[in-house]
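What follows is the content of run-v9.csv, which has CSV, C-alpha atoms and all ligand atoms:
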```
chain,number,residue,atom,x,y,z
G,8,MET,CA,-25.8,-19.6,5.8
G,9,TYR,CA,-27.1,-23.0,5.0
G,10,LEU,CA,-29.0,-24.4,2.0
G,11,GLU,CA,-29.8,-28.1,1.4
G,12,PRO,CA,-27.6,-29.5,-1.3
G,13,PRO,CA,-29.5,-30.3,-4.5
G,14,GLU,CA,-27.5,-33.6,-4.9
G,15,LYS,CA,-26.2,-36.4,-2.7
G,16,VAL,CA,-22.7,-35.6,-1.6
G,17,SER,CA,-20.0,-38.0,-0.4
G,18,GLN,CA,-18.6,-35.5,2.2
G,19,GLU,CA,-20.9,-33.2,4.1
G,20,GLN,CA,-18.1,-31.3,5.8
G,21,ILE,CA,-15.1,-29.8,4.1
G,22,THR,CA,-12.2,-28.6,6.2
G,23,LEU,CA,-10.2,-25.7,5.1
G,24,ASP,CA,-6.6,-24.9,5.9
G,25,VAL,CA,-6.5,-21.2,6.8
G,26,ARG,CA,-3.6,-20.9,4.4
G,27,GLU,CA,-6.2,-21.4,1.7
G,28,ILE,CA,-8.3,-18.5,3.0
G,29,GLU,CA,-5.4,-16.1,3.3
G,30,PRO,CA,-4.8,-15.5,-0.4
G,31,LEU,CA,-8.5,-14.4,-0.6
G,32,LEU,CA,-8.1,-11.9,2.2
G,33,GLN,CA,-4.7,-10.6,1.4
G,34,ALA,CA,-4.3,-8.4,-1.7
G,35,PRO,CA,-1.5,-9.7,-3.9
G,36,PRO,CA,1.2,-7.1,-3.9
G,37,MET,CA,2.2,-5.0,-6.9
G,38,ASP,CA,5.8,-5.2,-7.7
G,39,VAL,CA,7.0,-1.6,-6.9
G,40,PRO,CA,10.4,-0.1,-6.1
G,41,ALA,CA,11.1,0.6,-2.5
G,42,TRP,CA,11.6,4.1,-1.1
G,43,PRO,CA,15.4,4.5,-1.4
G,44,GLY,CA,15.9,6.6,1.8
G,45,ALA,CA,16.6,10.3,1.7
G,46,MET,CA,17.7,13.0,4.1
G,47,ILE,CA,16.9,16.7,4.5
G,48,THR,CA,18.5,19.5,6.5
G,49,LEU,CA,15.8,21.1,8.6
G,50,LYS,CA,15.8,24.9,9.2
G,51,ASP,CA,17.5,24.5,12.6
G,52,GLY,CA,20.3,22.4,11.0
G,53,ARG,CA,19.2,19.0,12.2
G,54,LYS,CA,19.4,16.3,9.6
G,55,MET,CA,16.3,14.2,9.3
G,56,TYR,CA,16.6,10.8,7.6
G,57,ILE,CA,13.5,9.4,5.9
G,58,ARG,CA,13.4,5.7,5.5
G,59,GLU,CA,10.9,2.9,5.1
G,60,ALA,CA,9.6,1.4,8.4
G,61,LYS,CA,10.6,-2.2,9.0
G,62,LEU,CA,7.7,-4.6,9.7
G,63,SER,CA,9.5,-5.6,12.9
G,64,GLU,CA,9.2,-2.0,14.1
G,65,ALA,CA,5.4,-2.1,13.9
G,66,PRO,CA,4.7,-3.3,17.5
G,67,MET,CA,6.8,-0.5,18.9
G,68,MET,CA,5.1,2.1,16.6
G,69,MET,CA,1.7,0.8,17.7
G,70,GLU,CA,2.6,1.1,21.4
G,71,TYR,CA,3.7,4.7,20.9
G,72,MET,CA,0.6,5.6,18.8
G,73,LYS,CA,-1.6,4.4,21.6
G,74,LYS,CA,-0.2,7.2,23.7
G,75,VAL,CA,-0.3,9.8,20.9
G,76,MET,CA,-4.0,9.1,20.3
G,77,GLU,CA,-4.8,10.2,23.9
G,78,SER,CA,-3.8,13.8,23.0
G,79,ASP,CA,-7.1,15.7,22.6
G,80,HIS,CA,-5.7,18.7,20.6
G,81,ASP,CA,-5.0,19.4,17.0
G,82,PHE,CA,-6.8,16.2,15.9
G,83,TYR,CA,-3.9,14.0,17.2
G,84,ASP,CA,-6.6,11.7,18.6
G,85,VAL,CA,-8.5,10.9,15.4
G,86,VAL,CA,-5.3,10.8,13.3
G,87,GLY,CA,-3.5,8.7,16.0
G,88,ALA,CA,-6.3,6.2,16.2
G,89,ARG,CA,-6.4,5.9,12.4
G,90,VAL,CA,-2.7,5.6,12.1
G,91,TYR,CA,-2.7,2.9,14.7
G,92,ALA,CA,-5.3,1.0,12.6
G,93,GLU,CA,-3.1,1.5,9.5
G,94,ILE,CA,0.0,0.3,11.2
G,95,VAL,CA,-1.7,-2.9,12.4
G,96,GLY,CA,-3.4,-3.3,9.0
G,97,TRP,CA,0.1,-3.1,7.4
G,98,TYR,CA,1.5,-5.5,10.1
G,99,ARG,CA,-1.3,-8.0,9.6
G,100,LYS,CA,-1.3,-7.7,5.8
G,101,ARG,CA,-4.8,-6.1,5.6
G,102,LEU,CA,-3.9,-3.1,3.4
G,103,LYS,CA,-3.3,-3.2,-0.3
G,104,ASP,CA,0.2,-2.0,-1.3
G,105,PRO,CA,0.9,0.1,1.8
G,106,TYR,CA,4.1,2.2,2.3
G,107,VAL,CA,5.2,3.5,5.6
G,108,LEU,CA,7.9,6.2,5.9
G,109,LEU,CA,9.6,7.3,9.1
G,110,GLY,CA,11.3,10.6,9.8
G,111,LEU,CA,14.3,10.0,12.1
G,112,ILE,CA,16.8,12.2,13.8
G,113,ASP,CA,19.7,10.2,15.3
G,114,GLY,CA,17.3,7.3,15.6
G,115,LEU,CA,14.6,9.3,17.3
G,116,TRP,CA,11.2,8.9,15.6
G,117,VAL,CA,9.9,12.4,14.8
G,118,GLY,CA,7.8,12.0,11.7
G,119,PHE,CA,5.4,9.6,10.0
G,120,ALA,CA,3.8,9.4,6.6
G,121,ASN,CA,2.0,6.5,4.9
G,122,GLY,CA,-0.3,5.7,2.1
G,123,ARG,CA,-1.2,2.9,-0.3
G,124,LEU,CA,-1.5,2.3,-4.0
G,125,GLN,CA,-5.0,1.9,-5.4
G,126,ASN,CA,-3.4,0.9,-8.7
G,127,ALA,CA,-0.4,1.9,-10.8
G,128,ASP,CA,-1.8,5.3,-11.4
G,129,ILE,CA,-3.5,6.5,-8.2
G,130,ASN,CA,-1.6,6.9,-4.9
G,131,ILE,CA,-3.9,7.2,-1.9
G,132,SER,CA,-2.3,9.4,0.8
G,133,LEU,CA,-3.4,8.1,4.2
G,134,HIS,CA,-1.7,10.0,7.1
G,135,THR,CA,1.1,12.3,8.0
G,136,MET,CA,2.2,13.2,11.6
G,137,ALA,CA,4.8,15.4,13.2
G,138,LEU,CA,5.7,13.6,16.5
G,139,ALA,CA,7.7,16.7,17.4
G,140,ARG,CA,6.5,20.2,16.6
G,141,GLY,CA,8.1,23.3,15.2
G,142,GLY,CA,10.5,21.9,12.7
G,143,ARG,CA,8.1,21.6,9.7
G,144,ILE,CA,8.7,17.8,10.0
G,145,GLY,CA,5.2,17.0,8.9
G,146,ALA,CA,5.5,19.2,5.8
G,147,VAL,CA,8.6,17.3,4.8
G,148,MET,CA,7.1,13.9,5.5
G,149,TYR,CA,4.1,14.6,3.3
G,150,TYR,CA,6.3,15.9,0.5
G,151,ALA,CA,8.5,12.8,0.7
G,152,LYS,CA,5.6,10.4,0.2
G,153,ALA,CA,4.3,12.5,-2.8
G,154,TYR,CA,7.8,12.5,-4.2
G,155,TYR,CA,7.9,8.7,-3.8
G,156,GLY,CA,4.6,8.4,-5.7
G,157,PHE,CA,5.4,10.8,-8.6
G,158,GLU,CA,9.1,10.4,-9.0
G,159,ILE,CA,9.8,6.8,-8.1
G,160,LEU,CA,6.6,4.9,-8.6
G,161,GLY,CA,5.5,6.8,-11.6
G,162,ASN,CA,2.0,7.5,-10.3
G,163,LYS,CA,-0.3,9.8,-12.2
G,164,GLU,CA,-2.5,11.1,-9.4
G,165,TRP,CA,-2.2,11.8,-5.7
G,166,TRP,CA,-5.4,11.6,-3.7
G,167,ALA,CA,-5.5,13.1,-0.2
G,168,THR,CA,-8.0,14.4,2.4
G,169,TYR,CA,-7.7,16.4,5.6
G,170,GLU,CA,-8.9,15.7,9.1
G,171,SER,CA,-7.1,18.7,10.8
G,172,TYR,CA,-6.7,22.4,10.2
G,173,ASN,CA,-3.0,22.0,10.3
G,174,GLY,CA,-3.1,19.3,7.6
G,175,TRP,CA,-5.4,21.3,5.4
G,176,HIS,CA,-3.3,24.4,5.9
G,177,ARG,CA,0.0,22.6,5.2
G,178,TRP,CA,-1.1,20.8,2.0
G,179,GLY,CA,-4.7,21.5,1.0
G,180,LEU,CA,-4.0,25.2,1.0
G,181,GLY,CA,-0.2,25.1,1.1
G,182,MET,CA,0.0,23.1,-2.2
G,183,ALA,CA,-3.2,24.7,-3.6
G,184,GLN,CA,-4.7,21.3,-4.2
G,185,PRO,CA,-8.0,21.2,-6.1
G,186,SER,CA,-10.7,18.8,-5.0
G,187,TYR,CA,-13.0,16.5,-6.9
G,188,PRO,CA,-16.8,17.1,-6.7
G,189,TRP,CA,-18.3,15.9,-3.4
G,190,PRO,CA,-20.2,13.7,-2.6
G,191,GLU,CA,-19.6,12.0,-5.9
G,192,TYR,CA,-16.0,11.4,-5.0
G,193,GLN,CA,-15.2,10.4,-1.4
G,194,HIS,CA,-11.8,9.7,0.2
G,195,GLU,CA,-11.6,6.3,2.0
G,196,LEU,CA,-10.8,8.3,5.2
G,197,GLY,CA,-14.4,8.9,6.4
G,198,GLY,CA,-15.9,9.9,3.0
G,199,ALA,CA,-14.4,13.4,3.1
G,200,ARG,CA,-13.5,15.4,0.0
G,201,VAL,CA,-10.7,14.0,-2.3
G,202,TYR,CA,-8.1,16.7,-2.8
G,203,TYR,CA,-5.7,15.8,-5.6
G,204,VAL,CA,-2.4,16.5,-7.3
G,205,THR,CA,-1.8,15.4,-10.9
G,206,LYS,CA,1.7,14.6,-12.2
G,207,LYS,CA,1.5,17.7,-14.4
G,208,TYR,CA,0.7,19.9,-11.5
G,209,TRP,CA,3.5,18.2,-9.4
G,210,ASP,CA,6.0,18.9,-12.2
G,211,THR,CA,5.1,22.5,-12.8
G,212,THR,CA,4.4,23.6,-9.2
G,213,VAL,CA,4.3,21.3,-6.2
G,214,LYS,CA,7.8,19.9,-6.7
G,215,GLN,CA,9.1,23.3,-5.4
G,216,TYR,CA,7.2,22.9,-2.1
G,217,VAL,CA,9.8,21.5,0.2
G,218,ARG,CA,12.5,24.0,-0.9
G,219,GLN,CA,10.0,26.8,-0.1
G,220,MET,CA,9.0,25.3,3.2
G,221,VAL,CA,12.4,24.4,4.7
G,222,GLY,CA,14.9,25.9,2.3
G,223,ALA,CA,16.4,22.6,1.3
G,224,ASP,CA,15.7,19.6,-1.0
G,225,LEU,CA,15.6,15.9,-0.3
G,226,VAL,CA,19.1,14.4,-0.7
G,227,PHE,CA,19.3,10.8,-1.9
G,228,ASP,CA,23.0,10.4,-1.6
G,229,VAL,CA,22.9,9.8,2.1
G,230,PRO,CA,26.2,9.5,4.0
G,231,ASP,CA,26.8,6.1,5.7
G,232,GLU,CA,27.0,7.6,9.2
G,233,ILE,CA,23.4,9.1,8.8
G,234,ILE,CA,22.1,5.7,7.6
G,235,LYS,CA,23.8,4.0,10.5
G,236,ALA,CA,22.6,6.5,13.1
G,237,ASN,CA,19.0,5.7,12.0
G,238,GLU,CA,19.2,2.0,11.6
G,239,VAL,CA,17.6,1.4,15.0
G,240,MET,CA,14.7,3.7,15.7
G,241,HIS,CA,13.2,4.5,19.0
G,242,PRO,CA,10.1,6.5,19.8
G,243,PRO,CA,10.3,9.6,22.1
G,244,GLU,CA,10.1,8.6,25.8
G,245,GLU,CA,6.9,10.6,26.2
G,246,VAL,CA,4.4,12.3,23.9
G,247,LEU,CA,6.0,15.5,22.7
G,248,VAL,CA,3.1,17.0,20.8
B,301,LIG,C1,-0.4,18.3,10.2
B,301,LIG,C2,1.0,18.1,10.8
B,301,LIG,C3,1.7,16.8,10.3
B,301,LIG,C4,1.9,19.3,10.3
B,301,LIG,O1,3.2,19.2,10.8
B,301,LIG,P1,4.3,20.3,10.6
B,301,LIG,O2,4.4,20.6,9.2
B,301,LIG,O3,5.6,19.7,11.2
B,301,LIG,O4,3.8,21.5,11.4
B,301,LIG,P2,3.2,21.7,12.9
B,301,LIG,O5,1.7,21.4,12.8
B,301,LIG,O6,4.0,21.0,13.9
B,301,LIG,O7,3.3,23.2,13.1
B,301,LIG,C5,2.5,24.1,12.3
B,301,LIG,C6,2.9,25.5,12.7
B,301,LIG,O8,2.5,25.8,14.1
B,301,LIG,C7,3.6,25.9,14.9
B,301,LIG,N1,3.4,25.1,16.1
B,301,LIG,C8,2.2,24.5,16.4
B,301,LIG,N2,2.3,23.8,17.5
B,301,LIG,C9,3.6,24.0,17.9
B,301,LIG,C10,4.3,23.6,19.1
B,301,LIG,N3,3.7,22.8,20.0
B,301,LIG,N4,5.5,23.9,19.2
B,301,LIG,C11,6.1,24.7,18.3
B,301,LIG,N5,5.5,25.1,17.2
B,301,LIG,C12,4.2,24.8,17.0
B,301,LIG,C13,4.8,25.5,14.1
B,301,LIG,O9,6.0,26.1,14.4
B,301,LIG,C14,4.3,25.7,12.7
B,301,LIG,O10,4.6,27.1,12.3
B,301,LIG,P3,5.2,27.4,10.9
B,301,LIG,O11,4.1,27.3,9.9
B,301,LIG,O12,5.7,28.8,11.0
B,301,LIG,O13,6.3,26.4,10.6
B,301,LIG,C15,1.0,18.2,12.3
B,301,LIG,O14,0.3,19.3,12.7
B,301,LIG,C16,0.4,16.9,12.9
B,301,LIG,O15,1.0,15.9,13.0
B,301,LIG,N6,-0.9,17.1,13.3
B,301,LIG,C17,-1.7,16.0,13.9
B,301,LIG,C18,-2.0,14.9,12.9
B,301,LIG,C19,-2.6,15.5,11.6
B,301,LIG,O16,-3.4,16.4,11.7
B,301,LIG,N7,-2.1,15.0,10.5
B,301,LIG,C20,-2.6,15.4,9.2
B,301,LIG,C21,-4.0,14.8,9.0
B,301,LIG,S1,-4.8,15.7,7.8
```
Will you turn the file into C-alpha cells for me?
Amino acid sequence: MYLEPPEKVSQEQITLDVREIEPLLQAPPMDVPAWPGAMITLKDGRKMYIREAKLSEAPMMMEYMKKVMESDHDFYDVVGARVYAEIVGWYRKRLKDPYVLLGLIDGLWVGFANGRLQNADINISLHTMALARGGRIGAVMYYAKAYYGFEILGNKEWWATYESYNGWHRWGLGMAQPSYPWPEYQHELGGARVYYVTKKYWDTTVKQYVRQMVGADLVFDVPDEIIKANEVMHPPEEVLV
C-alpha cells in the first residue's frame, strides 16, 4: 500500500534486515519446564518411552508424515496433513509455545502427540497419532500430553477437539469431556467444538485414565538403557496404519 508522505523526507526508501522482522513474526517463548521423559509398559509388555522431539528430527518426521497423510482411512489423511503443518510450523518457529512428544519403542517411532500453550492457563491440544495400531499407543500419548499440561506446567484447562471417530471415542467419550457452547467457542482446528478438561476434573477423574486403559502408569524414573535405546529415533520403514 502506498500513500504520499505528508512531509519532506530525507530517505524515500528504508531497507530492513529480516532479523528485524523476525521478532514480529515469532511469538516470544514462555519460559516453561520441558517434558522430563517417561516410560510406560504397554499391555503386551513392550516399553514405550515418551520424550520430546528434537528440532533436528523434524525433517525426518515431515518426510514420514507425507506418507501417512496418503492413507485414506480413519482420518489419517486430514490428521496427517495437519500434523505435517504443525511440525513444519514448529520447525520454522511459526507456532506459539509448541510441544511435541514422541512415543518410541527401541527407537522406533510409534506415537505422536503435540499441542501448544495459549497462555499459562490454557493448553491447546493439537494432535495425537498412533503410527502402529492395536497397542493403545494413541491413548497413552494423549494422556501424556495432558499430564504434562496439568502436572508439570500447572495449566488450568485443556482444550481439545476431534476430527476422527477414534479420537472422539478415545478421549471425548473415553474421558467424558464436556464441551463449550458452539459456535460461540471454536477450536483452532477448523472451528469445531472445544471439548475441555479442567484441573479439578483431571484431579478427581481423568488422572485415572491411563491406568484403566493400559493397566499401568507413566514412570518418570526411566532406566538409562531405555533412554539410550531411544536417543536416536527412526520412523517405520513403511506406513503401518
Ligand atoms: C485416535 C488414535 C490416536 C487412537 O489410537 P489408539 O489409542 O492407539 O487406538 P487405535 O485407534 O489404534 O485403535 C482403536 C481400537 O481399534 C482397534 N484397531 C483399530 N485398527 C486396528 C488395526 N489396524 N490393528 C489392530 N487393532 C486395530 C484397536 O485394537 C483398538 O481397540 P481397543 O479399544 O480394544 O484397544 C488413532 O486411531 C489414530 O492415530 N488415528 C488417526 C489420527 C487421529 O484420528 N488422531 C486423533 C485426531 S482427533
Measure the distance from CA of Met148 (chain G) to CA of Pro190 (chain G) in Å and round it to one decimal. 28.5 Å
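If you measure from each of G:Trp178, G:Tyr98, G:Trp165, G:Tyr187 to ligand LIG 301 (chain B) using only C-alpha atoms and all ligand atoms, the closest one turns out to be G:Trp178.
Distance annotation: of G:Ile131, G:Ile57, G:Ile159, G:Leu180, the residue with the minimal separation from Ile234 (chain G) is G:Ile57; atom set is all atoms listed in the file.
Residues of protein, DNA or RNA lying at most 6 Å from ligand LIG 301 (chain B), when all atoms listed in the file are considered, are Asp81, Phe82, Tyr83, Val86, His134, Thr135, Met136, Ala137, Arg140, Gly141, Gly142, Arg143, Ile144, Gly145, Ala146, Tyr169, Glu170, Ser171, Asn173, Gly174 and Val248 of chain G.
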Save out the residues we just selected, C-alpha atoms, as a PDB file, in the coordinates of the input.
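Done, and the output landed in again_31.pdb:
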```pdb
ATOM      1  CA  ASP G  81      -5.000  19.400  17.000  1.00  0.00           C
ATOM      2  CA  PHE G  82      -6.800  16.200  15.900  1.00  0.00           C
ATOM      3  CA  TYR G  83      -3.900  14.000  17.200  1.00  0.00           C
ATOM      4  CA  VAL G  86      -5.300  10.800  13.300  1.00  0.00           C
ATOM      5  CA  HIS G 134      -1.700  10.000   7.100  1.00  0.00           C
ATOM      6  CA  THR G 135       1.100  12.300   8.000  1.00  0.00           C
ATOM      7  CA  MET G 136       2.200  13.200  11.600  1.00  0.00           C
ATOM      8  CA  ALA G 137       4.800  15.400  13.200  1.00  0.00           C
ATOM      9  CA  ARG G 140       6.500  20.200  16.600  1.00  0.00           C
ATOM     10  CA  GLY G 141       8.100  23.300  15.200  1.00  0.00           C
ATOM     11  CA  GLY G 142      10.500  21.900  12.700  1.00  0.00           C
ATOM     12  CA  ARG G 143       8.100  21.600   9.700  1.00  0.00           C
ATOM     13  CA  ILE G 144       8.700  17.800  10.000  1.00  0.00           C
ATOM     14  CA  GLY G 145       5.200  17.000   8.900  1.00  0.00           C
ATOM     15  CA  ALA G 146       5.500  19.200   5.800  1.00  0.00           C
ATOM     16  CA  TYR G 169      -7.700  16.400   5.600  1.00  0.00           C
ATOM     17  CA  GLU G 170      -8.900  15.700   9.100  1.00  0.00           C
ATOM     18  CA  SER G 171      -7.100  18.700  10.800  1.00  0.00           C
ATOM     19  CA  ASN G 173      -3.000  22.000  10.300  1.00  0.00           C
ATOM     20  CA  GLY G 174      -3.100  19.300   7.600  1.00  0.00           C
ATOM     21  CA  VAL G 248       3.100  17.000  20.800  1.00  0.00           C
TER      22      VAL G 248
END
```
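Coordinates place CA of Phe157 (chain G) at a distance of 9.5 Å from CA of Asp128 (chain G).
Relative to CA of Gln125 (chain G), CA of Leu109 (chain G) is found at 21.3 Å.
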Would you list the contacts of region 204-207 of chain G as a ChimeraX atom specification, taking every protein, DNA or RNA residue within 8 Å and counting only C-alpha atoms, but skipping same-chain residues closer than 3 positions in sequence? /G:157,162-166,184-185,210-211
Give me the residues near region 41-47 of chain G as a short mmCIF file (atom, residue, chain, number, x, y, z; two decimals) with C-alpha atoms, keeping the file's coordinate frame, where near means some atom within 9 Å (using all atoms listed in the file) and where sequence neighbours in that chain fewer than 3 positions away do not count.
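part_15.cif, freshly written:
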```
data_model
loop_
_atom_site.label_atom_id
_atom_site.label_comp_id
_atom_site.auth_asym_id
_atom_site.auth_seq_id
_atom_site.Cartn_x
_atom_site.Cartn_y
_atom_site.Cartn_z
CA ARG G 53 19.20 19.00 12.20
CA LYS G 54 19.40 16.30 9.60
CA MET G 55 16.30 14.20 9.30
CA TYR G 56 16.60 10.80 7.60
CA ILE G 57 13.50 9.40 5.90
CA ARG G 58 13.40 5.70 5.50
CA GLU G 59 10.90 2.90 5.10
CA TYR G 106 4.10 2.20 2.30
CA LEU G 108 7.90 6.20 5.90
CA GLY G 110 11.30 10.60 9.80
CA VAL G 147 8.60 17.30 4.80
CA ALA G 151 8.50 12.80 0.70
CA LYS G 152 5.60 10.40 0.20
CA TYR G 155 7.90 8.70 -3.80
CA ILE G 159 9.80 6.80 -8.10
CA LEU G 160 6.60 4.90 -8.60
CA VAL G 221 12.40 24.40 4.70
CA ALA G 223 16.40 22.60 1.30
CA ASP G 224 15.70 19.60 -1.00
CA LEU G 225 15.60 15.90 -0.30
CA VAL G 226 19.10 14.40 -0.70
CA PHE G 227 19.30 10.80 -1.90
CA ASP G 228 23.00 10.40 -1.60
CA VAL G 229 22.90 9.80 2.10
CA ILE G 233 23.40 9.10 8.80
CA ILE G 234 22.10 5.70 7.60
#
```
Do a neighbour search on Val90 (chain G) at 10 Å with all atoms listed in the file, toss out local chain neighbours closer than 3 positions, and write the hits as a VMD selection string. chain G and resid 68 to 69 72 to 73 76 83 to 87 93 to 96 119 to 121 133 to 136
Considering all atoms listed in the file, return as a PDB file with C-alpha atoms, in the frame of the given file whatever protein or nucleic-acid residues lie within 9 Å of Trp189 (chain G), sequence-local ones (same chain, fewer than 4 positions apart) excluded.
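Printed below is part.pdb as written:
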```
ATOM      1  CA  GLN G 193     -15.200  10.400  -1.400  1.00  0.00           C
ATOM      2  CA  ALA G 199     -14.400  13.400   3.100  1.00  0.00           C
ATOM      3  CA  ARG G 200     -13.500  15.400   0.000  1.00  0.00           C
ATOM      4  CA  VAL G 201     -10.700  14.000  -2.300  1.00  0.00           C
TER       5      VAL G 201
END
```
Using only C-alpha atoms, find each residue in region 68-123 of chain G having at least one atom no more than 12 Å away from region 13-31 of chain G; report its shortest atom-to-atom pair and that distance in Å (one decimal), rows by chain then rising number, as a Markdown table.
```
| residue | atom | partner | partner_atom | distance |
| --- | --- | --- | --- | --- |
| G:Arg99 | CA | G:Glu29 | CA | 11.1 |
| G:Lys100 | CA | G:Glu29 | CA | 9.7 |
| G:Arg101 | CA | G:Glu29 | CA | 10.3 |
```
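Distances from G:Ser186, G:Asn126, G:Ser63, G:Asn237 to Pro35 (chain G) were compared using only C-alpha atoms, and the smallest one belongs to G:Asn126.
Nearest to Lys103 (chain G) of all the residues G:Met240, G:Ala183, G:Leu124, G:Leu196 is G:Leu124, based on all atoms listed in the file.
Of the residues listed (G:Gly197, G:Ser78, G:Tyr149, G:Leu111), G:Leu111 shows the shortest atom-to-atom separation from Thr48 (chain G); distances use only C-alpha atoms.
Considering only C-alpha atoms, the residue among G:Trp209, G:Ile112, G:Met182, G:Gly118 positioned nearest to Glu158 (chain G) is G:Trp209.
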